[in-house]
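File shown: structure-v7.cif (mmCIF, C-alpha atoms).
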```cif
data_data
#
loop_
_atom_site.group_PDB
_atom_site.id
_atom_site.type_symbol
_atom_site.label_atom_id
_atom_site.label_comp_id
_atom_site.auth_asym_id
_atom_site.auth_seq_id
_atom_site.Cartn_x
_atom_site.Cartn_y
_atom_site.Cartn_z
ATOM 1 C CA MET B 1 153.460 101.143 34.073
ATOM 2 C CA ASP B 2 154.701 103.049 37.120
ATOM 3 C CA LYS B 3 153.644 102.126 40.631
ATOM 4 C CA GLU B 4 151.443 105.174 41.081
ATOM 5 C CA LYS B 5 149.290 104.132 38.123
ATOM 6 C CA LEU B 6 149.089 100.598 39.485
ATOM 7 C CA ARG B 7 148.177 102.000 42.907
ATOM 8 C CA GLN B 8 145.322 103.997 41.397
ATOM 9 C CA ILE B 9 144.054 100.919 39.543
ATOM 10 C CA ALA B 10 144.140 98.882 42.765
ATOM 11 C CA LYS B 11 142.306 101.681 44.564
ATOM 12 C CA ARG B 12 139.527 101.752 41.946
ATOM 13 C CA ILE B 13 139.258 97.959 42.075
ATOM 14 C CA ARG B 14 138.659 98.160 45.820
ATOM 15 C CA ILE B 15 136.141 100.983 45.502
ATOM 16 C CA ASN B 16 134.206 99.018 42.894
ATOM 17 C CA VAL B 17 134.277 95.895 45.073
ATOM 18 C CA ILE B 18 132.530 97.853 47.836
ATOM 19 C CA LYS B 19 130.068 99.418 45.394
ATOM 20 C CA GLN B 20 129.133 96.008 43.982
ATOM 21 C CA VAL B 21 128.557 94.177 47.246
ATOM 22 C CA SER B 22 126.871 97.191 48.864
ATOM 23 C CA ASN B 23 124.470 97.648 45.977
ATOM 24 C CA ALA B 24 123.637 93.937 45.934
ATOM 25 C CA GLN B 25 123.674 93.687 49.741
ATOM 26 C CA SER B 26 125.341 90.358 49.110
ATOM 27 C CA GLY B 27 128.794 89.071 48.267
ATOM 28 C CA HIS B 28 132.285 88.553 49.633
ATOM 29 C CA PRO B 29 134.179 91.797 50.239
ATOM 30 C CA GLY B 30 137.050 90.620 52.470
ATOM 31 C CA GLY B 31 138.743 88.219 50.089
ATOM 32 C CA SER B 32 138.051 90.486 47.116
ATOM 33 C CA LEU B 33 139.676 93.566 48.622
ATOM 34 C CA ASP B 34 142.930 91.743 49.335
ATOM 35 C CA LEU B 35 143.472 90.842 45.654
ATOM 36 C CA ALA B 36 143.652 94.384 44.260
ATOM 37 C CA GLU B 37 147.432 94.688 43.870
ATOM 38 C CA ILE B 38 147.793 91.158 42.504
ATOM 39 C CA LEU B 39 145.084 91.706 39.893
ATOM 40 C CA ALA B 40 146.433 95.124 38.938
ATOM 41 C CA VAL B 41 149.864 93.649 38.167
ATOM 42 C CA LEU B 42 148.460 90.585 36.399
ATOM 43 C CA TYR B 43 146.127 92.506 34.108
ATOM 44 C CA PHE B 44 148.259 95.596 33.467
ATOM 45 C CA GLU B 45 151.817 94.228 33.595
ATOM 46 C CA GLU B 46 151.870 90.473 33.152
ATOM 47 C CA MET B 47 149.008 89.076 31.080
ATOM 48 C CA ASP B 48 148.421 89.991 27.440
ATOM 49 C CA ILE B 49 144.618 90.157 27.677
ATOM 50 C CA THR B 50 142.951 93.021 25.768
ATOM 51 C CA VAL B 51 139.449 93.996 24.691
ATOM 52 C CA ASP B 52 140.192 92.541 21.264
ATOM 53 C CA ASN B 53 141.422 89.100 22.393
ATOM 54 C CA ALA B 54 139.231 88.632 25.485
ATOM 55 C CA GLY B 55 137.183 85.966 23.711
ATOM 56 C CA SER B 56 140.204 83.975 22.547
ATOM 57 C CA ILE B 57 142.310 81.252 24.158
ATOM 58 C CA ASP B 58 145.328 82.590 22.257
ATOM 59 C CA ARG B 59 146.333 84.750 25.224
ATOM 60 C CA ASP B 60 147.314 84.414 28.868
ATOM 61 C CA ARG B 61 144.369 83.319 31.004
ATOM 62 C CA LEU B 62 143.374 83.593 34.658
ATOM 63 C CA VAL B 63 141.307 81.135 36.658
ATOM 64 C CA LEU B 64 139.895 82.697 39.829
ATOM 65 C CA SER B 65 139.556 79.442 41.724
ATOM 66 C CA LYS B 66 138.346 81.312 44.818
ATOM 67 C CA GLY B 67 135.324 82.306 42.752
ATOM 68 C CA HIS B 68 133.546 84.089 45.600
ATOM 69 C CA ALA B 69 136.046 86.939 45.016
ATOM 70 C CA SER B 70 134.294 87.675 41.718
ATOM 71 C CA PRO B 71 133.731 91.387 42.558
ATOM 72 C CA ALA B 72 137.489 91.919 42.244
ATOM 73 C CA LEU B 73 137.592 90.072 38.917
ATOM 74 C CA TYR B 74 134.688 92.094 37.523
ATOM 75 C CA ALA B 75 136.309 95.308 38.738
ATOM 76 C CA VAL B 76 139.606 94.607 36.971
ATOM 77 C CA LEU B 77 137.791 93.579 33.774
ATOM 78 C CA ALA B 78 136.057 96.956 33.907
ATOM 79 C CA GLU B 79 139.461 98.614 34.304
ATOM 80 C CA LYS B 80 140.568 96.826 31.115
ATOM 81 C CA GLY B 81 137.456 98.019 29.269
ATOM 82 C CA ILE B 82 136.202 94.473 28.735
ATOM 83 C CA LEU B 83 132.963 95.398 30.471
ATOM 84 C CA ASP B 84 131.425 98.779 31.115
ATOM 85 C CA GLU B 85 131.882 100.074 34.656
ATOM 86 C CA SER B 86 128.160 100.843 34.885
ATOM 87 C CA GLU B 87 127.436 97.116 34.555
ATOM 88 C CA LEU B 88 129.154 96.472 37.884
ATOM 89 C CA LEU B 89 125.973 97.575 39.667
ATOM 90 C CA SER B 90 124.167 94.583 38.142
ATOM 91 C CA PHE B 91 126.280 92.314 40.375
ATOM 92 C CA ARG B 92 124.266 89.416 41.822
ATOM 93 C CA LYS B 93 121.053 90.536 40.145
ATOM 94 C CA LEU B 94 118.909 87.890 38.437
ATOM 95 C CA HIS B 95 119.346 87.443 34.688
ATOM 96 C CA THR B 96 122.538 89.505 34.511
ATOM 97 C CA ARG B 97 126.068 88.548 33.475
ATOM 98 C CA LEU B 98 127.774 89.337 36.771
ATOM 99 C CA GLN B 99 126.680 86.544 39.043
ATOM 100 C CA GLY B 100 128.038 85.905 42.522
ATOM 101 C CA HIS B 101 130.561 83.456 41.077
ATOM 102 C CA PRO B 102 132.191 83.793 37.645
ATOM 103 C CA ASP B 103 130.333 82.284 34.678
ATOM 104 C CA MET B 104 132.580 81.737 31.659
ATOM 105 C CA ASN B 105 129.546 81.454 29.399
ATOM 106 C CA SER B 106 128.241 84.893 30.311
ATOM 107 C CA MET B 107 130.977 87.088 28.841
ATOM 108 C CA ASP B 108 134.427 87.214 27.299
ATOM 109 C CA GLY B 109 137.297 87.637 29.714
ATOM 110 C CA ILE B 110 136.043 85.131 32.283
ATOM 111 C CA ASP B 111 138.207 82.093 31.680
ATOM 112 C CA MET B 112 136.559 79.509 33.932
ATOM 113 C CA SER B 113 133.315 79.127 35.863
ATOM 114 C CA THR B 114 134.305 78.719 39.493
ATOM 115 C CA GLY B 115 132.841 78.679 42.952
ATOM 116 C CA SER B 116 133.088 75.060 44.082
ATOM 117 C CA LEU B 117 136.381 75.390 45.904
ATOM 118 C CA GLY B 118 139.307 73.406 44.524
ATOM 119 C CA GLN B 119 137.767 72.795 41.129
ATOM 120 C CA GLY B 120 139.099 75.942 39.472
ATOM 121 C CA PHE B 121 142.675 74.915 40.203
ATOM 122 C CA SER B 122 142.109 71.496 38.623
ATOM 123 C CA ALA B 123 140.713 73.250 35.549
ATOM 124 C CA ALA B 124 143.785 75.504 35.425
ATOM 125 C CA VAL B 125 146.054 72.454 35.421
ATOM 126 C CA GLY B 126 144.025 71.028 32.538
ATOM 127 C CA MET B 127 144.285 74.309 30.651
ATOM 128 C CA SER B 128 148.054 74.384 31.098
ATOM 129 C CA LEU B 129 148.342 70.814 29.816
ATOM 130 C CA ALA B 130 146.137 71.624 26.839
ATOM 131 C CA ASN B 131 148.353 74.589 25.972
ATOM 132 C CA LYS B 132 151.474 72.428 26.101
ATOM 133 C CA LEU B 133 149.923 69.715 23.938
ATOM 134 C CA SER B 134 148.593 72.167 21.364
ATOM 135 C CA GLY B 135 151.720 74.300 21.161
ATOM 136 C CA ASN B 136 149.985 77.343 22.658
ATOM 137 C CA ASP B 137 152.809 79.155 24.470
ATOM 138 C CA HIS B 138 150.559 81.382 26.572
ATOM 139 C CA ARG B 139 150.530 81.076 30.328
ATOM 140 C CA ILE B 140 147.828 80.061 32.799
ATOM 141 C CA TYR B 141 147.461 81.830 36.140
ATOM 142 C CA CYS B 142 145.285 80.581 38.985
ATOM 143 C CA ILE B 143 144.381 82.350 42.228
ATOM 144 C CA CYS B 144 143.430 80.101 45.143
ATOM 145 C CA GLY B 145 142.492 80.948 48.688
ATOM 146 C CA ASP B 146 144.434 79.570 51.623
ATOM 147 C CA GLY B 147 141.221 78.156 53.103
ATOM 148 C CA GLU B 148 140.441 76.659 49.702
ATOM 149 C CA CYS B 149 143.660 74.677 49.969
ATOM 150 C CA GLU B 150 141.999 72.555 52.642
ATOM 151 C CA GLU B 151 140.323 70.792 49.714
ATOM 152 C CA GLY B 152 142.015 67.514 48.797
ATOM 153 C CA GLN B 153 141.434 68.209 45.117
ATOM 154 C CA ILE B 154 143.991 71.027 45.301
ATOM 155 C CA TRP B 155 146.745 68.588 46.188
ATOM 156 C CA GLU B 156 145.782 66.021 43.565
ATOM 157 C CA ALA B 157 145.952 68.751 40.926
ATOM 158 C CA ALA B 158 149.268 70.031 42.316
ATOM 159 C CA MET B 159 150.745 66.554 42.051
ATOM 160 C CA ALA B 160 149.575 66.210 38.438
ATOM 161 C CA ALA B 161 150.933 69.628 37.426
ATOM 162 C CA ALA B 162 154.401 68.796 38.753
ATOM 163 C CA HIS B 163 154.364 65.335 37.180
ATOM 164 C CA TYR B 164 153.605 66.798 33.758
ATOM 165 C CA HIS B 165 156.135 69.649 34.121
ATOM 166 C CA CYS B 166 153.536 72.395 33.735
ATOM 167 C CA ASP B 167 155.997 75.281 33.727
ATOM 168 C CA ASN B 168 153.386 77.426 31.958
ATOM 169 C CA LEU B 169 151.250 77.351 35.112
ATOM 170 C CA CYS B 170 151.505 79.853 37.966
ATOM 171 C CA MET B 171 149.419 79.305 41.073
ATOM 172 C CA ILE B 172 148.958 82.250 43.446
ATOM 173 C CA ILE B 173 147.825 81.376 46.955
ATOM 174 C CA ASP B 174 146.069 84.288 48.649
ATOM 175 C CA GLU B 175 147.262 83.659 52.195
ATOM 176 C CA ASN B 176 145.185 86.000 54.340
ATOM 177 C CA GLY B 177 144.854 83.519 57.194
ATOM 178 C CA LEU B 178 141.060 83.774 57.418
ATOM 179 C CA GLN B 179 138.042 81.935 56.076
ATOM 180 C CA ILE B 180 134.311 81.995 56.723
ATOM 181 C CA ASP B 181 134.529 80.134 60.040
ATOM 182 C CA GLY B 182 137.558 81.943 61.442
ATOM 183 C CA THR B 183 141.305 81.551 61.087
ATOM 184 C CA THR B 184 142.671 78.858 58.809
ATOM 185 C CA GLU B 185 144.861 77.765 61.703
ATOM 186 C CA SER B 186 141.841 77.066 63.913
ATOM 187 C CA VAL B 187 139.705 75.443 61.193
ATOM 188 C CA ILE B 188 142.270 73.067 59.676
ATOM 189 C CA SER B 189 145.529 74.652 58.630
ATOM 190 C CA PRO B 190 146.905 73.779 55.187
ATOM 191 C CA ALA B 191 150.181 75.603 55.958
ATOM 192 C CA PRO B 192 153.139 75.664 55.510
ATOM 193 C CA PHE B 193 152.558 76.145 51.804
ATOM 194 C CA ASP B 194 156.166 76.556 50.709
ATOM 195 C CA VAL B 195 157.356 73.252 52.185
ATOM 196 C CA LYS B 196 154.291 71.337 51.004
ATOM 197 C CA MET B 197 154.339 72.673 47.446
ATOM 198 C CA GLN B 198 158.076 72.007 47.182
ATOM 199 C CA ALA B 199 157.456 68.447 48.339
ATOM 200 C CA PHE B 200 154.903 68.123 45.537
ATOM 201 C CA GLY B 201 157.554 69.199 43.027
ATOM 202 C CA TRP B 202 156.764 72.900 42.653
ATOM 203 C CA HIS B 203 158.982 75.951 42.602
ATOM 204 C CA THR B 204 157.801 78.392 45.289
ATOM 205 C CA VAL B 205 158.146 82.104 46.002
ATOM 206 C CA SER B 206 156.813 83.812 49.147
ATOM 207 C CA ILE B 207 155.929 87.509 48.960
ATOM 208 C CA ASP B 208 153.968 90.399 50.420
ATOM 209 C CA GLY B 209 150.833 90.283 48.261
ATOM 210 C CA HIS B 210 150.384 94.064 48.473
ATOM 211 C CA ASP B 211 153.893 94.971 47.264
ATOM 212 C CA PHE B 212 153.869 95.755 43.539
ATOM 213 C CA ASP B 213 157.607 95.186 43.112
ATOM 214 C CA ALA B 214 157.468 91.841 44.907
ATOM 215 C CA ILE B 215 154.498 90.668 42.854
ATOM 216 C CA LYS B 216 156.174 91.578 39.572
ATOM 217 C CA ALA B 217 159.484 89.987 40.587
ATOM 218 C CA ALA B 218 157.706 86.776 41.604
ATOM 219 C CA LEU B 219 155.848 86.619 38.286
ATOM 220 C CA ASP B 220 159.124 87.164 36.431
ATOM 221 C CA GLU B 221 160.693 84.333 38.433
ATOM 222 C CA ALA B 222 157.748 82.071 37.616
ATOM 223 C CA ARG B 223 158.078 82.817 33.905
ATOM 224 C CA ALA B 224 161.811 82.037 34.022
ATOM 225 C CA THR B 225 161.347 78.712 35.857
ATOM 226 C CA LYS B 226 161.418 75.719 33.533
ATOM 227 C CA LEU B 227 160.167 72.134 33.958
ATOM 228 C CA LYS B 228 158.291 73.012 37.150
ATOM 229 C CA PRO B 229 155.083 74.915 37.862
ATOM 230 C CA THR B 230 155.454 77.854 40.227
ATOM 231 C CA CYS B 231 153.425 78.658 43.329
ATOM 232 C CA ILE B 232 153.513 82.247 44.571
ATOM 233 C CA ILE B 233 152.490 82.393 48.227
ATOM 234 C CA ALA B 234 151.136 85.916 48.680
ATOM 235 C CA LYS B 235 150.659 87.080 52.259
ATOM 236 C CA THR B 236 147.698 89.458 52.255
ATOM 237 C CA ILE B 237 145.370 91.310 54.613
ATOM 238 C CA LYS B 238 141.758 90.257 54.257
ATOM 239 C CA GLY B 239 139.589 93.347 53.835
ATOM 240 C CA LYS B 240 142.648 95.432 52.913
ATOM 241 C CA GLY B 241 141.949 99.161 52.795
ATOM 242 C CA VAL B 242 138.745 99.213 54.844
ATOM 243 C CA SER B 243 139.598 99.821 58.494
ATOM 244 C CA PHE B 244 136.739 97.874 60.062
ATOM 245 C CA MET B 245 137.103 94.929 57.650
ATOM 246 C CA GLU B 246 140.846 94.324 57.863
ATOM 247 C CA ASN B 247 141.709 90.941 59.416
ATOM 248 C CA GLU B 248 138.082 90.363 60.430
ATOM 249 C CA ALA B 249 136.625 86.999 59.389
ATOM 250 C CA GLU B 250 133.062 88.291 59.762
ATOM 251 C CA TRP B 251 133.543 90.280 56.521
ATOM 252 C CA HIS B 252 134.272 87.153 54.513
ATOM 253 C CA GLY B 253 130.750 87.046 53.103
ATOM 254 C CA LYS B 254 128.836 90.037 54.445
ATOM 255 C CA ALA B 255 128.029 93.313 52.694
ATOM 256 C CA PRO B 256 128.283 96.653 54.514
ATOM 257 C CA SER B 257 125.101 98.667 54.839
ATOM 258 C CA GLY B 258 124.010 102.087 56.032
ATOM 259 C CA GLU B 259 126.778 104.358 57.278
ATOM 260 C CA LEU B 260 129.367 101.579 56.941
ATOM 261 C CA ILE B 261 129.220 101.929 53.140
ATOM 262 C CA ALA B 262 130.283 105.571 53.370
ATOM 263 C CA ARG B 263 132.975 104.709 55.915
ATOM 264 C CA ALA B 264 134.380 101.992 53.654
ATOM 265 C CA LEU B 265 134.451 104.255 50.603
ATOM 266 C CA LYS B 266 136.069 107.059 52.619
ATOM 267 C CA ASP B 267 138.798 104.697 53.835
ATOM 268 C CA LEU B 268 139.526 103.609 50.271
ATOM 269 C CA GLU B 269 139.561 107.151 48.880
ATOM 270 C CA GLU B 270 142.179 108.022 51.498
ATOM 271 C CA MET B 271 144.476 105.049 50.742
#
```
Produce structure tokens that represent the structure in this file.
Amino acid sequence: MDKEKLRQIAKRIRINVIKQVSNAQSGHPGGSLDLAEILAVLYFEEMDITVDNAGSIDRDRLVLSKGHASPALYAVLAEKGILDESELLSFRKLHTRLQGHPDMNSMDGIDMSTGSLGQGFSAAVGMSLANKLSGNDHRIYCICGDGECEEGQIWEAAMAAAHYHCDNLCMIIDENGLQIDGTTESVISPAPFDVKMQAFGWHTVSIDGHDFDAIKAALDEARATKLKPTCIIAKTIKGKGVSFMENEAEWHGKAPSGELIARALKDLEEM
């Protein structure tokens, strides 16, 4: 797929993130918007997920460990045709499938229920081990937030994955530098990720998380790396594409309202 098609997919993901959180007047736009390029490449270049195999484990799987970014996951599943785009407006409504955090029991294509930070990554390590033990040669991908990596559970799981040579596992750290209470540096910095993950026995790649070529090259490198899991450290801009949200921690978990909705959608249409 050429970059222009990927760019259009990423654009629609962002637009649907804003539509979901605005309609619900609840959700996490900042850390959803910054995943658009990564998800576009994963779902349209890297992973073999389709409408037909969405309910199977005999395919590549993604764990969105930073589960509060569910609007981005739902948007890319709509792009794949796994859910109808009209269903996106049911986001965060009672008794619907698209809850504020992913629920693997609600629909095919959601590979792990997440939301309690750190736990999704541990599940991804377990899934990668299960694949190796069962002879399933499909890969496991896991997206974690940089603030999420303040959780000790992340590092226990990282140690286990390296010990068991989980080379079918690719962790992607969304390093936007912000979390709900401010910058990761001011809260309690888990950086530098490259040095720490290497010390835990991982192969690491650092990239611009909005560069399609860099994302694809990093995923290719991860696939080619044997006997070690790979961590891709993706530098991103929280709130990417919406001028008043970019690099602003206040938009971690706040929905735009009134004229700000139109401003956000206009910004994204002009990307």
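With distances restricted to all atoms listed in the file, B:Ala54 is the closest residue to Gly109 of chain B from B:Ala123, B:Ala54, B:Val76, B:Leu62.
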For the PyMOL selection byres ((chain B and resi 246-260) around 7), applied here, can you spell out every residue it catches as a JSON list (two decimals) with C-alpha atoms, in the coordinates of the input?
```json
[["chain", "number", "residue", "atom", "x", "y", "z"],
["B", 21, "VAL", "CA", 128.56, 94.18, 47.25],
["B", 22, "SER", "CA", 126.87, 97.19, 48.86],
["B", 25, "GLN", "CA", 123.67, 93.69, 49.74],
["B", 26, "SER", "CA", 125.34, 90.36, 49.11],
["B", 27, "GLY", "CA", 128.79, 89.07, 48.27],
["B", 28, "HIS", "CA", 132.28, 88.55, 49.63],
["B", 29, "PRO", "CA", 134.18, 91.80, 50.24],
["B", 30, "GLY", "CA", 137.05, 90.62, 52.47],
["B", 31, "GLY", "CA", 138.74, 88.22, 50.09],
["B", 178, "LEU", "CA", 141.06, 83.77, 57.42],
["B", 179, "GLN", "CA", 138.04, 81.94, 56.08],
["B", 180, "ILE", "CA", 134.31, 82.00, 56.72],
["B", 182, "GLY", "CA", 137.56, 81.94, 61.44],
["B", 237, "ILE", "CA", 145.37, 91.31, 54.61],
["B", 238, "LYS", "CA", 141.76, 90.26, 54.26],
["B", 239, "GLY", "CA", 139.59, 93.35, 53.84],
["B", 240, "LYS", "CA", 142.65, 95.43, 52.91],
["B", 242, "VAL", "CA", 138.74, 99.21, 54.84],
["B", 243, "SER", "CA", 139.60, 99.82, 58.49],
["B", 244, "PHE", "CA", 136.74, 97.87, 60.06],
["B", 245, "MET", "CA", 137.10, 94.93, 57.65],
["B", 261, "ILE", "CA", 129.22, 101.93, 53.14],
["B", 262, "ALA", "CA", 130.28, 105.57, 53.37],
["B", 263, "ARG", "CA", 132.98, 104.71, 55.92],
["B", 264, "ALA", "CA", 134.38, 101.99, 53.65]]
```
Quick one: residues within 10 Å of Glu175 of chain B, all atoms listed in the file counted, chain neighbours fewer than 3 positions away excluded, as a VMD selection string? chain B and resid 31 34 144 to 147 149 172 178 184 191 193 208 to 209 232 to 238
Carefully work through the PyMOL selection byres ((chain B and resi 202) around 8) for this structure and note down the residues it includes, as a ChimeraX atom specification. /B:162,197-201,203-204,228-231
Around the point (135.3, 88.7, 42.8) (coordinates from the file), which residues reach within 8 Å if we count all atoms listed in the file? Answer as a VMD selection string. chain B and resid 17 28 32 67 to 75 100 to 102
I need the residue set behind the PyMOL selection byres ((chain B and resi 10) around 12) for this file; please write it as a PyMOL selection string. chain B and resi 3-9+11-17+32-44+72-73+75-76+79+210-212+240-241+268-269+271
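Distance-wise, atom CA of Asn23 of chain B and atom CA of Thr114 of chain B end up 22.3 Å apart.
When atom CA of Gly126 of chain B is paired with atom CA of Asn168 of chain B, their separation reads 11.4 Å.
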